[in-house]
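S.K.: My structure file work-v4.pdb, PDB, C-alpha atoms, pLDDT in the B column, is below:
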```pdb
ATOM      1  CA  MET A1457       0.000   0.000   0.000  1.00 41.00           C
ATOM      2  CA  ARG A1458       2.773   2.437   0.929  1.00 39.00           C
ATOM      3  CA  SER A1459       4.621   1.759  -2.330  1.00 38.00           C
ATOM      4  CA  THR A1460       1.426   2.493  -4.301  1.00 37.00           C
ATOM      5  CA  ILE A1461       0.928   5.768  -2.429  1.00 34.00           C
ATOM      6  CA  ARG A1462       4.599   6.645  -2.944  1.00 35.00           C
ATOM      7  CA  LEU A1463       4.304   5.858  -6.678  1.00 35.00           C
ATOM      8  CA  HIS A1464       1.194   8.046  -6.999  1.00 36.00           C
ATOM      9  CA  ALA A1465       2.977  10.887  -5.185  1.00 33.00           C
ATOM     10  CA  ILE A1466       5.970  10.595  -7.526  1.00 32.00           C
ATOM     11  CA  VAL A1467       3.710  10.739 -10.592  1.00 36.00           C
ATOM     12  CA  ILE A1468       1.862  13.763  -9.218  1.00 34.00           C
ATOM     13  CA  ALA A1469       5.167  15.488  -8.486  1.00 34.00           C
ATOM     14  CA  ALA A1470       6.438  14.671 -11.978  1.00 37.00           C
ATOM     15  CA  ALA A1471       3.246  16.053 -13.495  1.00 38.00           C
ATOM     16  CA  CYS A1472       3.653  19.233 -11.472  1.00 35.00           C
ATOM     17  CA  CYS A1473       7.260  19.575 -12.664  1.00 35.00           C
ATOM     18  CA  LEU A1474       6.141  19.006 -16.237  1.00 35.00           C
ATOM     19  CA  ALA A1475       3.380  21.568 -15.833  1.00 33.00           C
ATOM     20  CA  THR A1476       5.874  24.101 -14.496  1.00 30.00           C
ATOM     21  CA  ALA A1477       8.347  23.376 -17.291  1.00 33.00           C
ATOM     22  CA  CYS A1478       5.609  23.722 -19.875  1.00 34.00           C
ATOM     23  CA  GLY A1479       4.400  27.047 -18.514  1.00 33.00           C
ATOM     24  CA  ALA A1480       1.056  25.839 -17.265  1.00 33.00           C
ATOM     25  CA  GLY A1481      -1.610  28.401 -16.770  1.00 33.00           C
ATOM     26  CA  GLY A1482      -5.071  28.320 -15.363  1.00 32.00           C
ATOM     27  CA  GLY A1483      -6.903  28.629 -18.676  1.00 32.00           C
ATOM     28  CA  THR A1484      -9.197  25.969 -20.016  1.00 29.00           C
ATOM     29  CA  ARG A1485     -10.322  25.202 -23.526  1.00 28.00           C
ATOM     30  CA  SER A1486     -13.905  25.612 -24.614  1.00 28.00           C
ATOM     31  CA  ALA A1487     -15.947  22.693 -25.925  1.00 27.00           C
ATOM     32  CA  THR A1488     -15.512  23.987 -29.466  1.00 29.00           C
ATOM     33  CA  GLU A1489     -11.729  23.643 -29.130  1.00 32.00           C
ATOM     34  CA  ALA A1490     -11.905  19.972 -28.204  1.00 32.00           C
ATOM     35  CA  ALA A1491     -10.706  17.567 -30.893  1.00 35.00           C
ATOM     36  CA  PRO A1492     -12.592  14.471 -32.003  1.00 38.00           C
ATOM     37  CA  ALA A1493     -11.476  11.648 -29.694  1.00 41.00           C
ATOM     38  CA  PRO A1494     -11.938  11.304 -25.946  1.00 39.00           C
ATOM     39  CA  GLN A1495      -9.077  10.506 -23.627  1.00 38.00           C
ATOM     40  CA  LEU A1496      -8.779   6.777 -23.195  1.00 38.00           C
ATOM     41  CA  PRO A1497      -7.250   4.860 -20.323  1.00 37.00           C
ATOM     42  CA  VAL A1498      -4.631   2.218 -21.042  1.00 37.00           C
ATOM     43  CA  LYS A1499      -7.307  -0.446 -21.363  1.00 40.00           C
ATOM     44  CA  ALA A1500     -10.909   0.353 -22.203  1.00 37.00           C
ATOM     45  CA  GLY A1501     -13.149   0.259 -19.175  1.00 35.00           C
ATOM     46  CA  GLU A1502     -10.428   0.865 -16.587  1.00 38.00           C
ATOM     47  CA  PRO A1503     -10.203   4.112 -14.648  1.00 39.00           C
ATOM     48  CA  ALA A1504      -7.377   6.436 -15.697  1.00 43.00           C
ATOM     49  CA  VAL A1505      -5.311   5.539 -12.645  1.00 45.00           C
ATOM     50  CA  SER A1506      -5.994   1.950 -11.729  1.00 45.00           C
ATOM     51  CA  GLN A1507      -4.261  -0.943 -10.060  1.00 53.00           C
ATOM     52  CA  GLY A1508      -1.063   0.995  -9.439  1.00 63.00           C
ATOM     53  CA  ASN A1509      -0.788   2.233 -13.034  1.00 71.00           C
ATOM     54  CA  PRO A1510      -0.666   6.039 -12.880  1.00 69.00           C
ATOM     55  CA  SER A1511       0.928   6.173 -16.356  1.00 72.00           C
ATOM     56  CA  ALA A1512      -2.507   5.366 -17.754  1.00 75.00           C
ATOM     57  CA  SER A1513      -3.535   9.024 -17.456  1.00 78.00           C
ATOM     58  CA  LEU A1514      -0.414  10.035 -19.411  1.00 86.00           C
ATOM     59  CA  THR A1515      -1.283   7.924 -22.458  1.00 90.00           C
ATOM     60  CA  TRP A1516      -3.969   7.111 -24.991  1.00 93.00           C
ATOM     61  CA  ALA A1517      -4.412   3.519 -26.117  1.00 94.00           C
ATOM     62  CA  ARG A1518      -6.281   1.621 -28.779  1.00 96.00           C
ATOM     63  CA  LYS A1519      -6.660  -2.154 -28.876  1.00 97.00           C
ATOM     64  CA  VAL A1520      -5.888  -3.406 -32.359  1.00 98.00           C
ATOM     65  CA  GLN A1521      -8.772  -5.349 -33.866  1.00 97.00           C
ATOM     66  CA  PRO A1522      -8.231  -9.097 -34.120  1.00 97.00           C
ATOM     67  CA  GLY A1523      -6.683 -10.123 -37.429  1.00 96.00           C
ATOM     68  CA  VAL A1524      -4.986  -6.771 -38.091  1.00 98.00           C
ATOM     69  CA  SER A1525      -1.276  -7.305 -38.717  1.00 97.00           C
ATOM     70  CA  VAL A1526       1.654  -5.069 -37.793  1.00 98.00           C
ATOM     71  CA  LYS A1527       2.154  -4.454 -41.529  1.00 98.00           C
ATOM     72  CA  GLU A1528      -1.433  -3.183 -41.827  1.00 98.00           C
ATOM     73  CA  ILE A1529      -0.954  -0.947 -38.784  1.00 98.00           C
ATOM     74  CA  GLU A1530       2.218   0.497 -40.329  1.00 98.00           C
ATOM     75  CA  GLU A1531       0.453   1.039 -43.668  1.00 98.00           C
ATOM     76  CA  ALA A1532      -2.345   2.883 -41.865  1.00 98.00           C
ATOM     77  CA  PHE A1533       0.204   5.103 -40.092  1.00 98.00           C
ATOM     78  CA  ALA A1534       1.938   5.850 -43.418  1.00 97.00           C
ATOM     79  CA  SER A1535      -1.361   6.592 -45.148  1.00 97.00           C
ATOM     80  CA  VAL A1536      -2.483   9.082 -42.479  1.00 97.00           C
ATOM     81  CA  ALA A1537       0.975  10.681 -42.416  1.00 97.00           C
ATOM     82  CA  ALA A1538       0.806  11.244 -46.189  1.00 97.00           C
ATOM     83  CA  GLU A1539      -2.773  12.565 -46.044  1.00 97.00           C
ATOM     84  CA  ASP A1540      -2.033  15.010 -43.222  1.00 96.00           C
ATOM     85  CA  ASN A1541       1.485  16.005 -44.323  1.00 94.00           C
ATOM     86  CA  ILE A1542       3.314  14.761 -41.249  1.00 96.00           C
ATOM     87  CA  ARG A1543       6.731  13.133 -41.669  1.00 96.00           C
ATOM     88  CA  ALA A1544       7.852   9.754 -40.424  1.00 97.00           C
ATOM     89  CA  VAL A1545      11.164  10.683 -38.797  1.00 97.00           C
ATOM     90  CA  GLY A1546      12.249   7.443 -37.184  1.00 96.00           C
ATOM     91  CA  GLU A1547      11.485   3.953 -35.997  1.00 97.00           C
ATOM     92  CA  LEU A1548      12.835   2.059 -33.014  1.00 97.00           C
ATOM     93  CA  PRO A1549      12.299  -1.702 -33.551  1.00 98.00           C
ATOM     94  CA  LEU A1550      12.922  -2.713 -29.942  1.00 98.00           C
ATOM     95  CA  SER A1551      11.672  -6.304 -30.191  1.00 97.00           C
ATOM     96  CA  ARG A1552      13.853  -6.964 -33.235  1.00 97.00           C
ATOM     97  CA  GLU A1553      16.900  -5.579 -31.393  1.00 97.00           C
ATOM     98  CA  LEU A1554      16.145  -7.714 -28.334  1.00 97.00           C
ATOM     99  CA  GLU A1555      15.776 -10.817 -30.521  1.00 97.00           C
ATOM    100  CA  LEU A1556      19.140 -10.095 -32.169  1.00 97.00           C
ATOM    101  CA  ARG A1557      20.812  -9.689 -28.770  1.00 97.00           C
ATOM    102  CA  SER A1558      19.271 -12.741 -27.120  1.00 97.00           C
ATOM    103  CA  GLY A1559      18.629 -15.079 -30.032  1.00 97.00           C
ATOM    104  CA  GLN A1560      15.176 -15.650 -28.507  1.00 97.00           C
ATOM    105  CA  PRO A1561      11.776 -14.529 -29.822  1.00 96.00           C
ATOM    106  CA  VAL A1562      10.158 -11.670 -27.886  1.00 97.00           C
ATOM    107  CA  LYS A1563       6.759 -10.007 -27.985  1.00 98.00           C
ATOM    108  CA  PHE A1564       6.449  -7.229 -30.588  1.00 98.00           C
ATOM    109  CA  LEU A1565       7.451  -3.720 -29.478  1.00 98.00           C
ATOM    110  CA  LYS A1566       8.194  -0.872 -31.869  1.00 98.00           C
ATOM    111  CA  VAL A1567       8.170   2.914 -31.516  1.00 98.00           C
ATOM    112  CA  TYR A1568       7.337   5.168 -34.491  1.00 98.00           C
ATOM    113  CA  SER A1569       8.243   8.872 -34.558  1.00 98.00           C
ATOM    114  CA  TYR A1570       6.410  11.561 -36.565  1.00 97.00           C
ATOM    115  CA  CYS A1571       6.867  15.303 -36.926  1.00 96.00           C
ATOM    116  CA  ASP A1572       5.394  18.246 -38.780  1.00 95.00           C
ATOM    117  CA  PRO A1573       8.417  20.602 -38.898  1.00 95.00           C
ATOM    118  CA  ALA A1574       6.321  23.773 -39.236  1.00 95.00           C
ATOM    119  CA  ALA A1575       4.066  22.733 -36.343  1.00 95.00           C
ATOM    120  CA  ALA A1576       7.114  21.867 -34.222  1.00 95.00           C
ATOM    121  CA  ARG A1577       8.604  25.315 -34.881  1.00 96.00           C
ATOM    122  CA  THR A1578       5.317  27.028 -33.971  1.00 94.00           C
ATOM    123  CA  MET A1579       5.030  25.118 -30.693  1.00 91.00           C
ATOM    124  CA  VAL A1580       8.677  25.607 -29.721  1.00 94.00           C
ATOM    125  CA  ASP A1581       8.499  29.339 -30.529  1.00 94.00           C
ATOM    126  CA  PHE A1582       5.527  29.519 -28.138  1.00 91.00           C
ATOM    127  CA  ASN A1583       7.223  27.402 -25.442  1.00 89.00           C
ATOM    128  CA  PRO A1584      10.825  26.191 -25.899  1.00 94.00           C
ATOM    129  CA  GLY A1585      10.259  23.489 -23.270  1.00 89.00           C
ATOM    130  CA  MET A1586       7.978  21.710 -25.721  1.00 88.00           C
ATOM    131  CA  SER A1587      11.086  20.759 -27.715  1.00 93.00           C
ATOM    132  CA  ALA A1588      11.759  18.025 -25.146  1.00 92.00           C
ATOM    133  CA  LEU A1589       8.527  16.327 -26.225  1.00 89.00           C
ATOM    134  CA  LEU A1590       9.360  16.215 -29.934  1.00 92.00           C
ATOM    135  CA  PRO A1591       8.773  14.272 -32.097  1.00 94.00           C
ATOM    136  CA  CYS A1592       5.342  12.708 -31.622  1.00 95.00           C
ATOM    137  CA  ARG A1593       5.711   9.017 -30.831  1.00 97.00           C
ATOM    138  CA  ILE A1594       3.361   6.089 -31.284  1.00 98.00           C
ATOM    139  CA  SER A1595       4.171   2.599 -30.065  1.00 98.00           C
ATOM    140  CA  VAL A1596       2.796  -0.796 -31.012  1.00 98.00           C
ATOM    141  CA  VAL A1597       2.981  -3.261 -28.132  1.00 98.00           C
ATOM    142  CA  GLU A1598       2.135  -6.948 -28.153  1.00 97.00           C
ATOM    143  CA  GLN A1599       0.367  -8.023 -24.966  1.00 97.00           C
ATOM    144  CA  PRO A1600      -1.231 -11.327 -23.953  1.00 95.00           C
ATOM    145  CA  ASP A1601      -4.584 -10.155 -25.347  1.00 96.00           C
ATOM    146  CA  GLY A1602      -3.177  -8.922 -28.672  1.00 97.00           C
ATOM    147  CA  LEU A1603      -1.636  -5.777 -30.123  1.00 98.00           C
ATOM    148  CA  TRP A1604      -2.152  -2.328 -28.596  1.00 97.00           C
ATOM    149  CA  ILE A1605      -1.244   1.118 -29.916  1.00 98.00           C
ATOM    150  CA  TYR A1606      -0.137   3.812 -27.453  1.00 96.00           C
ATOM    151  CA  THR A1607       0.764   7.476 -27.597  1.00 95.00           C
ATOM    152  CA  MET A1608       1.142  10.355 -25.171  1.00 92.00           C
ATOM    153  CA  ASN A1609      -2.059  11.989 -23.909  1.00 91.00           C
ATOM    154  CA  MET A1610      -1.816  15.244 -25.862  1.00 89.00           C
ATOM    155  CA  ASP A1611      -4.822  16.766 -24.098  1.00 88.00           C
ATOM    156  CA  MET A1612      -2.946  16.711 -20.806  1.00 81.00           C
ATOM    157  CA  LEU A1613      -0.054  18.642 -22.347  1.00 73.00           C
ATOM    158  CA  ILE A1614      -2.309  21.026 -24.256  1.00 78.00           C
ATOM    159  CA  ASN A1615      -4.230  21.848 -21.086  1.00 79.00           C
ATOM    160  CA  MET A1616      -1.004  22.535 -19.194  1.00 74.00           C
ATOM    161  CA  GLN A1617      -0.236  25.358 -21.594  1.00 73.00           C
ATOM    162  CA  GLY A1618      -3.127  27.502 -20.426  1.00 76.00           C
ATOM    163  CA  GLU A1619      -4.605  29.899 -22.963  1.00 82.00           C
ATOM    164  CA  LEU A1620      -2.986  29.346 -26.368  1.00 85.00           C
ATOM    165  CA  PRO A1621      -2.705  32.045 -29.030  1.00 89.00           C
ATOM    166  CA  PRO A1622      -5.060  31.160 -31.916  1.00 89.00           C
ATOM    167  CA  HIS A1623      -2.328  30.154 -34.379  1.00 90.00           C
ATOM    168  CA  VAL A1624      -0.676  27.888 -31.791  1.00 90.00           C
ATOM    169  CA  GLY A1625      -3.986  26.362 -30.722  1.00 88.00           C
ATOM    170  CA  ASP A1626      -4.959  25.650 -34.331  1.00 91.00           C
ATOM    171  CA  THR A1627      -1.587  23.990 -34.958  1.00 92.00           C
ATOM    172  CA  VAL A1628      -1.752  21.842 -31.826  1.00 90.00           C
ATOM    173  CA  ARG A1629      -5.319  20.727 -32.550  1.00 91.00           C
ATOM    174  CA  ARG A1630      -4.368  19.804 -36.135  1.00 94.00           C
ATOM    175  CA  VAL A1631      -1.435  17.654 -34.967  1.00 94.00           C
ATOM    176  CA  ARG A1632      -3.591  16.105 -32.242  1.00 94.00           C
ATOM    177  CA  ALA A1633      -6.271  15.186 -34.803  1.00 95.00           C
ATOM    178  CA  THR A1634      -3.618  13.529 -36.980  1.00 96.00           C
ATOM    179  CA  ILE A1635      -2.263  11.449 -34.099  1.00 96.00           C
ATOM    180  CA  VAL A1636      -5.779  10.386 -33.056  1.00 96.00           C
ATOM    181  CA  LYS A1637      -6.516   9.421 -36.678  1.00 97.00           C
ATOM    182  CA  MET A1638      -3.315   7.331 -36.730  1.00 97.00           C
ATOM    183  CA  LEU A1639      -4.395   5.518 -33.557  1.00 97.00           C
ATOM    184  CA  ASP A1640      -7.908   4.854 -34.794  1.00 97.00           C
ATOM    185  CA  ARG A1641      -7.030   3.772 -38.320  1.00 97.00           C
ATOM    186  CA  GLY A1642      -4.011   1.811 -37.170  1.00 97.00           C
ATOM    187  CA  ALA A1643      -6.180  -0.137 -34.717  1.00 97.00           C
ATOM    188  CA  ARG A1644      -8.529  -1.021 -37.590  1.00 97.00           C
ATOM    189  CA  GLY A1645      -5.732  -1.645 -40.115  1.00 95.00           C
ATOM    190  CA  GLU A1646      -7.451   0.896 -42.337  1.00 93.00           C
ATOM    191  CA  PHE A1647      -5.163   2.453 -44.933  1.00 86.00           C
TER     192      PHE A1647
END
```
Translate the structure of the given file into structure tokens.
M.R.:
Amino acid sequence: MRSTIRLHAIVIAAACCLATACGAGGGTRSATEAAPAPQLPVKAGEPAVSQGNPSASLTWARKVQPGVSVKEIEEAFASVAAEDNIRAVGELPLSRELELRSGQPVKFLKVYSYCDPAAARTMVDFNPGMSALLPCRISVVEQPDGLWIYTMNMDMLINMQGELPPHVGDTVRRVRATIVKMLDRGARGEF
């Protein structure tokens, strides 16, 4: 019990530090500024902070539909990136690296990085601390119940910024919509 309380306190302290570093203000966004997808916990139906997993409130997750392959997920990511003019800037095939090191099969784990250079410049000009969060990352993780897609909860970070100038807010919402579209279409293998 004490370790759970300690872990929750550490996460809250880290969130406060992040909020301070990101220049958090007291402003809130109106309903018209909200983008299309709700915040999702790590697994559908669980509370945001459950069973000692405070990182759930820091991420969005989508369970990949049964039968959708990693190749289809990657094709969906590439399709959305092309449609929305966001660049694939790197991949980190962690499971492949672990297999090469150990000679043993491991569950799939890969991180994909995306960036819109103009959007990145706009956000960093507004708040240089945001550069530490670049580029946007999406991970595909194999779990006992199948593949899951994860990314950072952008709403949490957007809300920490307080009132955004219109051009910054428009940019952030556009990037957010692209990332949400990548999650949704990747989970369906829709390209």
S.K.: Write out as a list in words each polymer residue whose atoms come within 7 Å of A:Met1638, counting only C-alpha atoms; drop sequence neighbours fewer than 3 positions from it.
M.R.: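 Here the qualifying residues turn out to be Ala1532, Phe1533, Val1536, Thr1634, Ile1635, Arg1641 and Gly1642 of chain A.
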S.K.: What does the structure give for the distance between atom CA of A:Arg1644 and atom CA of A:Val1596, in Å to one decimal?
M.R.: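 Interatomic distance here is 13.1 Å.
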S.K.: Check what the PyMOL selection byres ((chain A and resi 1612) around 10) selects in the file above and give those residues as a count of residues only.
M.R.: 15
S.K.: For atom CA of A:Ala1538 and atom CA of A:Glu1553, determine how far apart the two atoms are, in Å to one decimal place.
M.R.: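 Between atom CA of A:Ala1538 and atom CA of A:Glu1553 the gap is 27.6 Å.
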S.K.: Please enclose the listed atoms of stretch 1562-1570 of chain A in an axis-aligned box, pad each side by 6 Å, and write out the centre and the three edge lengths in Å, rounded to one decimal, as JSON.
M.R.:
```
{"center_x": 8.3, "center_y": -0.1, "center_z": -32.2, "size_x": 15.7, "size_y": 35.2, "size_z": 20.7}
```
S.K.: To one decimal place, how far is atom CA of A:Val1628 from atom CA of A:Ala1537 in Å?
M.R.: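 Between atom CA of A:Val1628 and atom CA of A:Ala1537 the gap is 15.6 Å.
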S.K.: Could you tell me, as a compact mmCIF listing (two decimals) with C-alpha atoms, in the frame of the given file, exactly which residues end up selected when the PyMOL selection byres ((chain A and resi 1601) around 12) is applied to this structure?
M.R.:
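Saved as out32.txt:
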```txt
# COMPACT_ATOMS: atom_id res chain seq x y z
CA LYS A 1499 -7.31 -0.45 -21.36
CA LYS A 1519 -6.66 -2.15 -28.88
CA VAL A 1520 -5.89 -3.41 -32.36
CA GLN A 1521 -8.77 -5.35 -33.87
CA PRO A 1522 -8.23 -9.10 -34.12
CA LYS A 1563 6.76 -10.01 -27.98
CA VAL A 1597 2.98 -3.26 -28.13
CA GLU A 1598 2.13 -6.95 -28.15
CA GLN A 1599 0.37 -8.02 -24.97
CA PRO A 1600 -1.23 -11.33 -23.95
CA GLY A 1602 -3.18 -8.92 -28.67
CA LEU A 1603 -1.64 -5.78 -30.12
CA TRP A 1604 -2.15 -2.33 -28.60
```
S.K.: Between A:Glu1539, A:Gly1618, A:Ala1643, A:Tyr1606, which is the closest to A:Ser1511 once you count all atoms listed in the file?
M.R.: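 When distances to A:Ser1511 are compared using all atoms listed in the file, the smallest one comes from A:Tyr1606.
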S.K.: Give as a list in words each residue that has an atom at most 12 Å from (0.6, -5.8, -42.6) in the file, counting all atoms listed in the file.
M.R.: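 With a cut-off of 12 Å, the residues come to Gly1523, Val1524, Ser1525, Val1526, Lys1527, Glu1528, Ile1529, Glu1530, Glu1531, Ala1532, Phe1533, Ala1534, Gly1642, Ala1643, Arg1644, Gly1645, Glu1646 and Phe1647 of chain A.
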S.K.: Take the PyMOL selection byres ((chain A and resi 1548) around 10), apply it to the structure above, and return the hits as an MDAnalysis selection string.
M.R.: chainID A and resid 1546:1547 1549:1553 1565:1569 1595
S.K.: Can you work out which one of A:Asn1509, A:Lys1637, A:Ile1542, A:Trp1516 has the shortest atom-to-atom distance to A:Ala1574, counting all atoms listed in the file?
M.R.: A:Ile1542
S.K.: Kindly indicate which residue among A:Arg1543, A:Arg1557, A:Ser1587, A:His1623 lies nearest to A:Cys1571, using all atoms listed in the file for the distances.
M.R.: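 Among A:Arg1543, A:Arg1557, A:Ser1587, A:His1623, it is A:Arg1543 that comes nearest to A:Cys1571.
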S.K.: Near A:Thr1627, within 12 Å and counting all atoms listed in the file, which residues show up once chain neighbours fewer than 3 positions away are dropped, as a ChimeraX atom specification?
M.R.: /A:1489,1491,1572-1580,1582,1614,1620-1624,1630-1634
S.K.: Using the block above, I'd like stretch 1511-1539 of chain A written out, keeping C-alpha atoms and formatting it as a PDB file, in the first residue's frame.
M.R.:
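Result written to selection-v4.pdb:
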```pdb
ATOM      1  CA  SER A1511       0.928   6.173 -16.356  1.00  0.00           C
ATOM      2  CA  ALA A1512      -2.507   5.366 -17.754  1.00  0.00           C
ATOM      3  CA  SER A1513      -3.535   9.024 -17.456  1.00  0.00           C
ATOM      4  CA  LEU A1514      -0.414  10.035 -19.411  1.00  0.00           C
ATOM      5  CA  THR A1515      -1.283   7.924 -22.458  1.00  0.00           C
ATOM      6  CA  TRP A1516      -3.969   7.111 -24.991  1.00  0.00           C
ATOM      7  CA  ALA A1517      -4.412   3.519 -26.117  1.00  0.00           C
ATOM      8  CA  ARG A1518      -6.281   1.621 -28.779  1.00  0.00           C
ATOM      9  CA  LYS A1519      -6.660  -2.154 -28.876  1.00  0.00           C
ATOM     10  CA  VAL A1520      -5.888  -3.406 -32.359  1.00  0.00           C
ATOM     11  CA  GLN A1521      -8.772  -5.349 -33.866  1.00  0.00           C
ATOM     12  CA  PRO A1522      -8.231  -9.097 -34.120  1.00  0.00           C
ATOM     13  CA  GLY A1523      -6.683 -10.123 -37.429  1.00  0.00           C
ATOM     14  CA  VAL A1524      -4.986  -6.771 -38.091  1.00  0.00           C
ATOM     15  CA  SER A1525      -1.276  -7.305 -38.717  1.00  0.00           C
ATOM     16  CA  VAL A1526       1.654  -5.069 -37.793  1.00  0.00           C
ATOM     17  CA  LYS A1527       2.154  -4.454 -41.529  1.00  0.00           C
ATOM     18  CA  GLU A1528      -1.433  -3.183 -41.827  1.00  0.00           C
ATOM     19  CA  ILE A1529      -0.954  -0.947 -38.784  1.00  0.00           C
ATOM     20  CA  GLU A1530       2.218   0.497 -40.329  1.00  0.00           C
ATOM     21  CA  GLU A1531       0.453   1.039 -43.668  1.00  0.00           C
ATOM     22  CA  ALA A1532      -2.345   2.883 -41.865  1.00  0.00           C
ATOM     23  CA  PHE A1533       0.204   5.103 -40.092  1.00  0.00           C
ATOM     24  CA  ALA A1534       1.938   5.850 -43.418  1.00  0.00           C
ATOM     25  CA  SER A1535      -1.361   6.592 -45.148  1.00  0.00           C
ATOM     26  CA  VAL A1536      -2.483   9.082 -42.479  1.00  0.00           C
ATOM     27  CA  ALA A1537       0.975  10.681 -42.416  1.00  0.00           C
ATOM     28  CA  ALA A1538       0.806  11.244 -46.189  1.00  0.00           C
ATOM     29  CA  GLU A1539      -2.773  12.565 -46.044  1.00  0.00           C
TER      30      GLU A1539
END
```
